[in-house]
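Shown here: entry.txt, compact mmCIF, C-alpha atoms and all ligand atoms.
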# COMPACT_ATOMS: atom_id res chain seq x y z
CA MET A 1377 15.42 16.62 12.88
CA ALA A 1378 15.48 14.62 9.65
CA LEU A 1379 12.75 12.11 8.94
CA THR A 1380 13.96 9.08 6.98
CA VAL A 1381 11.99 6.21 5.44
CA LEU A 1382 14.05 3.07 4.93
CA GLY A 1383 12.91 0.48 2.41
CA GLY A 1384 12.45 -0.09 -1.31
CA GLY A 1385 9.80 2.26 -2.62
CA VAL A 1386 7.90 -0.46 -4.47
CA SER A 1387 6.86 -2.11 -1.19
CA PRO A 1388 3.19 -1.31 -0.54
CA PHE A 1389 4.04 -0.70 3.12
CA VAL A 1390 6.91 1.67 2.37
CA ARG A 1391 4.60 3.47 -0.07
CA LYS A 1392 1.92 3.75 2.62
CA VAL A 1393 4.33 5.66 4.86
CA ARG A 1394 5.61 7.86 2.03
CA VAL A 1395 2.08 8.76 0.92
CA PHE A 1396 1.15 9.45 4.54
CA LEU A 1397 4.14 11.82 4.91
CA ALA A 1398 3.28 13.56 1.64
CA GLU A 1399 -0.36 14.02 2.69
CA LYS A 1400 0.95 15.59 5.92
CA GLY A 1401 3.10 17.92 3.81
CA LEU A 1402 6.30 16.64 5.45
CA ASP A 1403 9.71 16.48 3.80
CA TYR A 1404 11.67 13.30 4.35
CA GLU A 1405 14.64 11.36 3.11
CA HIS A 1406 14.27 7.96 1.48
CA GLU A 1407 16.86 5.19 1.80
CA ASN A 1408 16.29 2.32 -0.59
CA VAL A 1409 16.82 -0.84 1.50
CA ASN A 1410 16.19 -4.26 -0.05
CA PRO A 1411 15.01 -6.55 2.77
CA PHE A 1412 16.23 -9.61 0.83
CA GLY A 1413 19.78 -8.23 0.55
CA PRO A 1414 19.96 -5.78 3.42
CA PRO A 1415 22.92 -3.65 4.49
CA GLU A 1416 25.06 -4.78 7.40
CA GLY A 1417 23.49 -4.11 10.78
CA TRP A 1418 19.98 -4.01 9.29
CA ARG A 1419 18.56 -6.24 12.06
CA GLU A 1420 19.61 -3.66 14.61
CA ILE A 1421 17.36 -1.18 12.84
CA SER A 1422 14.64 -3.66 11.82
CA PRO A 1423 14.49 -6.55 14.31
CA LEU A 1424 12.13 -8.55 12.05
CA GLY A 1425 14.20 -7.74 8.96
CA ARG A 1426 11.26 -6.02 7.30
CA ILE A 1427 10.71 -2.76 5.49
CA PRO A 1428 9.73 -0.06 6.16
CA ALA A 1429 11.77 1.17 9.07
CA PHE A 1430 11.69 4.82 9.95
CA LYS A 1431 13.97 7.29 11.67
CA ASP A 1432 12.99 10.50 13.34
CA GLY A 1433 16.46 11.83 14.06
CA ASP A 1434 18.02 9.03 16.09
CA LYS A 1435 14.68 7.46 17.05
CA VAL A 1436 13.88 4.25 15.15
CA ILE A 1437 10.32 3.03 14.52
CA ASN A 1438 9.22 -0.15 12.72
CA ASP A 1439 6.10 -1.33 10.90
CA SER A 1440 4.13 0.89 8.53
CA SER A 1441 1.03 1.00 10.74
CA ILE A 1442 3.03 1.98 13.80
CA ILE A 1443 5.06 4.54 11.85
CA CYS A 1444 1.86 6.19 10.58
CA ALA A 1445 0.31 6.16 14.06
CA TYR A 1446 3.47 7.76 15.43
CA LEU A 1447 3.50 10.41 12.69
CA GLU A 1448 -0.11 11.29 13.45
CA ARG A 1449 0.77 12.04 17.08
CA ARG A 1450 3.98 13.83 16.22
CA PHE A 1451 2.44 15.93 13.41
CA PRO A 1452 -1.31 16.10 14.12
CA LYS A 1453 -2.25 18.41 11.23
CA PRO A 1454 -3.81 17.63 8.83
CA ALA A 1455 -5.43 14.78 10.76
CA LEU A 1456 -5.33 11.48 8.88
CA TYR A 1457 -7.14 9.47 11.55
CA PRO A 1458 -10.75 10.18 12.60
CA THR A 1459 -11.40 11.68 16.04
CA ASP A 1460 -14.70 9.84 16.57
CA ASP A 1461 -14.02 6.57 18.45
CA TYR A 1462 -15.93 4.27 16.13
CA GLU A 1463 -14.70 5.96 12.98
CA TYR A 1464 -11.16 5.64 14.34
CA ALA A 1465 -11.68 1.90 14.81
CA ARG A 1466 -13.13 1.60 11.29
CA ALA A 1467 -10.19 3.44 9.77
CA VAL A 1468 -7.54 1.25 11.39
CA TRP A 1469 -9.65 -1.79 10.55
CA PHE A 1470 -9.57 -0.97 6.82
CA GLU A 1471 -5.83 -0.48 7.13
CA GLU A 1472 -5.51 -3.93 8.70
CA PHE A 1473 -7.96 -5.47 6.22
CA ALA A 1474 -5.58 -4.34 3.50
CA ASP A 1475 -2.25 -5.08 5.24
CA GLY A 1476 -3.05 -8.38 6.89
CA GLY A 1477 -5.63 -9.76 4.44
CA MET A 1478 -5.85 -8.33 0.96
CA ILE A 1479 -2.22 -7.34 0.35
CA ALA A 1480 -1.00 -10.46 2.14
CA THR A 1481 -2.92 -12.44 -0.51
CA MET A 1482 -2.44 -10.29 -3.62
CA GLY A 1483 1.25 -9.49 -3.10
CA PRO A 1484 2.73 -13.00 -2.97
CA LYS A 1485 0.33 -14.35 -5.62
CA THR A 1486 0.43 -11.54 -8.21
CA PHE A 1487 3.15 -8.91 -7.72
CA PHE A 1488 5.90 -11.23 -6.54
CA PRO A 1489 5.64 -13.87 -9.31
CA CYS A 1490 4.71 -11.47 -12.13
CA VAL A 1491 7.11 -8.61 -11.34
CA LEU A 1492 9.75 -9.27 -8.69
CA LYS A 1493 10.62 -12.85 -9.54
CA PRO A 1494 11.39 -12.19 -13.23
CA LEU A 1495 13.27 -8.98 -12.40
CA PHE A 1496 15.46 -10.58 -9.77
CA GLY A 1497 15.82 -13.73 -11.82
CA GLY A 1498 17.08 -11.63 -14.75
CA LYS A 1499 14.14 -12.54 -17.02
CA SER A 1500 12.17 -10.23 -19.25
CA GLU A 1501 8.85 -12.06 -18.75
CA PRO A 1502 7.29 -13.99 -15.87
CA ASP A 1503 6.84 -17.74 -16.19
CA PRO A 1504 3.49 -18.50 -17.90
CA ALA A 1505 2.59 -20.76 -14.96
CA ASP A 1506 3.06 -17.81 -12.59
CA VAL A 1507 0.85 -15.59 -14.73
CA ALA A 1508 -1.80 -18.34 -14.77
CA ALA A 1509 -1.61 -18.64 -10.96
CA ALA A 1510 -1.89 -14.85 -10.61
CA GLU A 1511 -4.95 -14.83 -12.89
CA LYS A 1512 -6.44 -17.56 -10.71
CA CYS A 1513 -5.82 -15.44 -7.60
CA VAL A 1514 -7.51 -12.46 -9.25
CA ALA A 1515 -10.46 -14.61 -10.34
CA GLU A 1516 -10.88 -16.65 -7.16
CA ASP A 1517 -9.23 -15.00 -4.14
CA CYS A 1518 -9.60 -11.29 -4.82
CA PRO A 1519 -13.38 -10.94 -5.40
CA LYS A 1520 -14.20 -11.51 -1.73
CA PHE A 1521 -11.91 -8.63 -0.75
CA TRP A 1522 -13.15 -6.36 -3.52
CA ASP A 1523 -16.86 -7.11 -2.98
CA TYR A 1524 -16.44 -6.08 0.64
CA LEU A 1525 -14.62 -2.84 -0.27
CA GLU A 1526 -17.16 -2.01 -2.99
CA ARG A 1527 -19.99 -2.43 -0.48
CA GLU A 1528 -18.30 -0.53 2.34
CA LEU A 1529 -17.31 2.37 0.12
CA GLY A 1530 -20.83 2.75 -1.30
CA ASP A 1531 -21.31 6.17 -2.85
CA ASN A 1532 -18.70 7.82 -0.64
CA GLU A 1533 -15.48 9.31 -1.86
CA TYR A 1534 -13.54 7.94 1.12
CA PHE A 1535 -13.93 4.88 3.31
CA VAL A 1536 -14.50 6.64 6.64
CA GLY A 1537 -16.00 9.97 7.69
CA ASN A 1538 -16.10 11.57 4.23
CA ARG A 1539 -12.48 12.61 4.30
CA LEU A 1540 -9.08 11.15 3.58
CA THR A 1541 -7.79 8.85 6.33
CA ILE A 1542 -5.28 6.10 6.86
CA ALA A 1543 -8.05 3.73 5.65
CA ASP A 1544 -7.90 5.12 2.11
CA ILE A 1545 -4.10 5.22 1.98
CA GLY A 1546 -3.80 1.70 3.41
CA VAL A 1547 -6.29 0.25 0.92
CA ALA A 1548 -5.06 2.14 -2.17
CA THR A 1549 -1.37 1.29 -1.79
CA GLY A 1550 -1.86 -2.44 -2.47
CA PHE A 1551 -3.61 -1.73 -5.77
CA VAL A 1552 -0.47 -0.04 -7.10
CA ASN A 1553 1.38 -3.37 -6.88
CA LEU A 1554 -1.59 -5.18 -8.37
CA ARG A 1555 -1.50 -2.79 -11.35
CA TYR A 1556 2.22 -3.40 -11.78
CA ALA A 1557 1.41 -7.11 -11.92
CA GLY A 1558 -1.01 -6.33 -14.76
CA PHE A 1559 -4.34 -6.50 -12.90
CA ALA A 1560 -7.05 -4.29 -11.40
CA PRO A 1561 -10.63 -4.79 -10.23
CA GLU A 1562 -12.78 -4.86 -13.35
CA ARG A 1563 -14.62 -1.55 -13.69
CA LYS A 1564 -17.92 -3.18 -14.66
CA ARG A 1565 -18.07 -5.39 -11.58
CA TRP A 1566 -16.44 -3.05 -9.02
CA PRO A 1567 -17.14 0.46 -10.40
CA LYS A 1568 -16.96 2.32 -7.10
CA LEU A 1569 -13.79 0.62 -5.92
CA ARG A 1570 -12.10 1.11 -9.30
CA ALA A 1571 -13.03 4.82 -9.36
CA PHE A 1572 -11.69 5.15 -5.80
CA ILE A 1573 -8.40 3.52 -6.83
CA ASP A 1574 -8.09 5.87 -9.82
CA ARG A 1575 -8.78 8.91 -7.62
CA MET A 1576 -6.29 7.84 -4.98
CA HIS A 1577 -3.55 6.95 -7.46
CA GLY A 1578 -4.07 10.33 -9.12
CA ARG A 1579 -3.27 12.24 -5.92
CA PRO A 1580 0.08 14.04 -5.87
CA SER A 1581 1.06 11.97 -2.81
CA PHE A 1582 0.72 8.68 -4.76
CA LYS A 1583 2.27 10.17 -7.87
CA SER A 1584 5.39 11.26 -5.99
CA ALA A 1585 5.66 7.95 -4.11
CA THR A 1586 5.53 5.99 -7.39
CA ALA A 1587 7.75 8.28 -9.48
CA GLN A 1588 10.73 5.92 -9.23
CA ASP A 1589 8.76 2.77 -10.10
CA ALA A 1590 9.38 2.56 -13.88
CA PRO A 1591 11.39 -0.71 -13.65
CA PHE A 1592 8.34 -2.42 -12.12
CA GLN A 1593 5.70 -1.06 -14.49
CA LYS A 1594 6.25 -3.23 -17.54
CA ARG A 1595 3.02 -5.16 -17.10
CA ALA A 1596 0.93 -2.15 -16.00
CA GLY A 1597 -0.16 -1.60 -19.61
CA LEU A 1598 -1.92 -4.99 -19.53
CA VAL A 1599 -4.51 -3.79 -17.01
CA LYS A 1600 -8.00 -4.21 -18.41
CA ASP A 1601 -10.83 -1.81 -17.86
N1 LIG A 1701 3.32 -5.29 8.85
C1 LIG A 1701 4.52 -4.82 8.19
C2 LIG A 1701 4.76 -5.62 6.92
C3 LIG A 1701 6.06 -5.25 6.27
C4 LIG A 1701 6.48 -6.27 5.21
O1 LIG A 1701 5.97 -7.40 5.18
N2 LIG A 1701 7.41 -5.86 4.38
C5 LIG A 1701 7.97 -6.77 3.39
C6 LIG A 1701 8.22 -6.08 2.08
S1 LIG A 1701 6.72 -5.57 1.30
C7 LIG A 1701 9.31 -7.27 3.90
O2 LIG A 1701 10.07 -6.50 4.46
N3 LIG A 1701 9.61 -8.56 3.68
C8 LIG A 1701 10.89 -9.11 4.03
C9 LIG A 1701 10.78 -10.13 5.11
O3 LIG A 1701 9.67 -10.33 5.66
O4 LIG A 1701 11.80 -10.73 5.41
C10 LIG A 1701 4.37 -3.33 7.88
O5 LIG A 1701 3.25 -2.88 7.70
O6 LIG A 1701 5.38 -2.62 7.88
If you took the structure in this file and wrote it as C-alpha cells, what would it be?
Ligand SMILES: N[C@@H](CCC(=O)N[C@@H](CS)C(=O)NCC(=O)O)C(=O)O
Amino acid sequence: MALTVLGGGVSPFVRKVRVFLAEKGLDYEHENVNPFGPPEGWREISPLGRIPAFKDGDKVINDSSIICAYLERRFPKPALYPTDDYEYARAVWFEEFADGGMIATMGPKTFFPCVLKPLFGGKSEPDPADVAAAEKCVAEDCPKFWDYLERELGDNEYFVGNRLTIADIGVATGFVNLRYAGFAPERKRWPKLRAFIDRMHGRPSFKSATAQDAPFQKRAGLVKD
C-alpha cells in the first residue's frame, strides 16, 4: 500500500514526517498541498485545514505527531521512540516543546515574515520592519528555548537515550526554517545545540527532505556563526 505525505515540504511539520519516514527507510509519495490555497475537498482529508496529512493506502491520518506515532507502530524497526517509560515521555516532550513552543514562536516571527510573506507577496526582499521584528524575536524570545535545549543536550549526541529518536527530529526540523529566515543559535553561546543542529541537518534524511527547498533559501547565506 502506498504511503503519501500531503503538504508543502517547507513546513517544519511536513518535514518532520518526511525525515521520520526516511530514517525508517520507507519509500513514500509526496503531494505538495498549500494549506492557504488548498485543493477542493481538502477539509475532508484535513478537518483542521492543516498540513501534514498522511495516507496509508485509503487510511487518512492527521497531525505530524500522530502520523509519526502511527508510523512507529506500523513499522517498528528501526525504533524511533524509546522503550523505557520515562525516556519515552522525555522524547515526546521534546517533540512537543518544539512543536507547541519553540516552532510556534520562531515560525510566525521569523520564517513567515522573512521568507513566506515576501515570496507570496511577490517581493524579492522582506520588509525591513519584519527583519527587525525577527531579529528581536531571535534576541529576546529564542534564548529561553535554546538555553533549555543546550542544557538538556549536555555532552550527548542525541536528546534522549543516546540514540536518534523523535525528540531529535522534532527539535531539528524547526531550525531548518530558522536558517531559511537567516538565523541560527550563535555557536559561541549555544555550541552544543548548534553542533547538534549541524549534525542533524547533515543526515541524509534531512538532506533529502530539504532538496526541493531552493526557493526558500535566499536568506540562508546570512546565517552567522
Ligand atoms: N500540530 C500540527 C501543526 C500543523 C501546522 O500548524 N501546520 C501549518 C503549516 S506549518 C498549517 O497547516 N497551517 C495552516 C492553518 O493552520 O490553517 C502538526 O504537527 O501537524
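With all atoms listed in the file as the atoms that count, the set of residues no farther than 6 Å from ligand LIG 1701 (chain A) is Ser1387, Pro1388, Phe1389, Pro1411, Gly1425, Arg1426, Ile1427, Pro1428, Asp1439, Ser1440 and Ser1441 of chain A.
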Just how far from CA of Ala1467 in chain A is CA of Gly1537 in chain A, in Å to one decimal? 9.0 Å
Mind checking which residues fall within 9 Å of Leu1456 in chain A, counting all atoms listed in the file, ignoring those fewer than 6 positions away in the same chain, and posting them as a list of chain:residue names? A:Phe1396, A:Glu1399, A:Lys1400, A:Glu1448, A:Arg1539, A:Leu1540, A:Thr1541, A:Ile1542, A:Ala1543
Compile the contact shell of range 1403-1408 of chain A as a PyMOL selection string: residues with an atom at most 8 Å away, counting only C-alpha atoms, same-chain residues fewer than 4 positions apart removed. chain A and resi 1378-1385+1397-1398
Shell of 6 Å around range 1548-1565 of chain A, only C-alpha atoms, local chain residues under 5 positions omitted, as an mmCIF file with C-alpha atoms, keeping the file's coordinate frame:
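Output file part39.cif follows:
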data_model
loop_
_atom_site.group_PDB
_atom_site.id
_atom_site.type_symbol
_atom_site.label_atom_id
_atom_site.label_comp_id
_atom_site.auth_asym_id
_atom_site.auth_seq_id
_atom_site.Cartn_x
_atom_site.Cartn_y
_atom_site.Cartn_z
ATOM 1 C CA PRO A 1388 3.190 -1.310 -0.540
ATOM 2 C CA ILE A 1479 -2.220 -7.340 0.350
ATOM 3 C CA THR A 1486 0.430 -11.540 -8.210
ATOM 4 C CA PHE A 1487 3.150 -8.910 -7.720
ATOM 5 C CA CYS A 1490 4.710 -11.470 -12.130
ATOM 6 C CA VAL A 1491 7.110 -8.610 -11.340
ATOM 7 C CA ARG A 1570 -12.100 1.110 -9.300
ATOM 8 C CA ILE A 1573 -8.400 3.520 -6.830
ATOM 9 C CA GLN A 1593 5.700 -1.060 -14.490
ATOM 10 C CA ARG A 1595 3.020 -5.160 -17.100
ATOM 11 C CA ALA A 1596 0.930 -2.150 -16.000
ATOM 12 C CA LEU A 1598 -1.920 -4.990 -19.530
ATOM 13 C CA VAL A 1599 -4.510 -3.790 -17.010
ATOM 14 C CA ASP A 1601 -10.830 -1.810 -17.860
#
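The residue set within 10 Å of Asp1503 in chain A, counting all atoms listed in the file and dropping same-chain residues fewer than 3 places from it, reads Pro1489, Cys1490, Lys1493, Pro1494, Lys1499, Ser1500, Asp1506, Val1507, Ala1508 and Ala1509 of chain A.
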Atoms to include: C-alpha atoms. Write the selected residues as a compact mmCIF listing (two decimals), keeping the file's coordinate frame.
# COMPACT_ATOMS: atom_id res chain seq x y z
CA PRO A 1489 5.64 -13.87 -9.31
CA CYS A 1490 4.71 -11.47 -12.13
CA LYS A 1493 10.62 -12.85 -9.54
CA PRO A 1494 11.39 -12.19 -13.23
CA LYS A 1499 14.14 -12.54 -17.02
CA SER A 1500 12.17 -10.23 -19.25
CA ASP A 1506 3.06 -17.81 -12.59
CA VAL A 1507 0.85 -15.59 -14.73
CA ALA A 1508 -1.80 -18.34 -14.77
CA ALA A 1509 -1.61 -18.64 -10.96
Residue among A:Pro1452, A:Asp1517, A:Asp1432, A:Phe1496 lying closest to Thr1481 in chain A, counting only C-alpha atoms: A:Asp1517
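Taking CA of Lys1600 in chain A as the reference point, CA of Arg1575 in chain A is found at 17.0 Å.
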Take CA of Arg1579 in chain A and CA of Asp1531 in chain A and report the distance between them in Å, one decimal. 19.3 Å
Mind giving me the axis-aligned box for range 1430-1433 of chain A with 5 Å on every side, centre plus edges in Å to one decimal, as JSON?
{"center_x": 14.1, "center_y": 8.3, "center_z": 12.0, "size_x": 14.8, "size_y": 17.0, "size_z": 14.1}
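Each of A:Ile1421, A:Pro1580, A:Met1478, A:Pro1504 was checked against Asp1434 in chain A using all atoms listed in the file; the smallest atom-to-atom distance is that of A:Ile1421.
Proximity ranking of A:Arg1450, A:Lys1520, A:Lys1431, A:Arg1419 relative to Phe1473 in chain A places A:Lys1520 first, based on only C-alpha atoms.
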Scan for residues within 12 Å of the point (-18.2, -5.2, -1.9) in the coordinates of the file, using all atoms listed in the file, and reply as a ChimeraX atom specification. /A:1518-1531,1561,1565-1570
Near Val1468 in chain A, within 12 Å and counting all atoms listed in the file, which residues show up once chain neighbours fewer than 4 positions away are dropped, as a count of residues only? 25
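Considering the residues A:Gly1401, A:Glu1533, A:Asn1410, A:Gly1433 and counting only C-alpha atoms, Met1576 in chain A has its shortest atom-to-atom contact with A:Glu1533.
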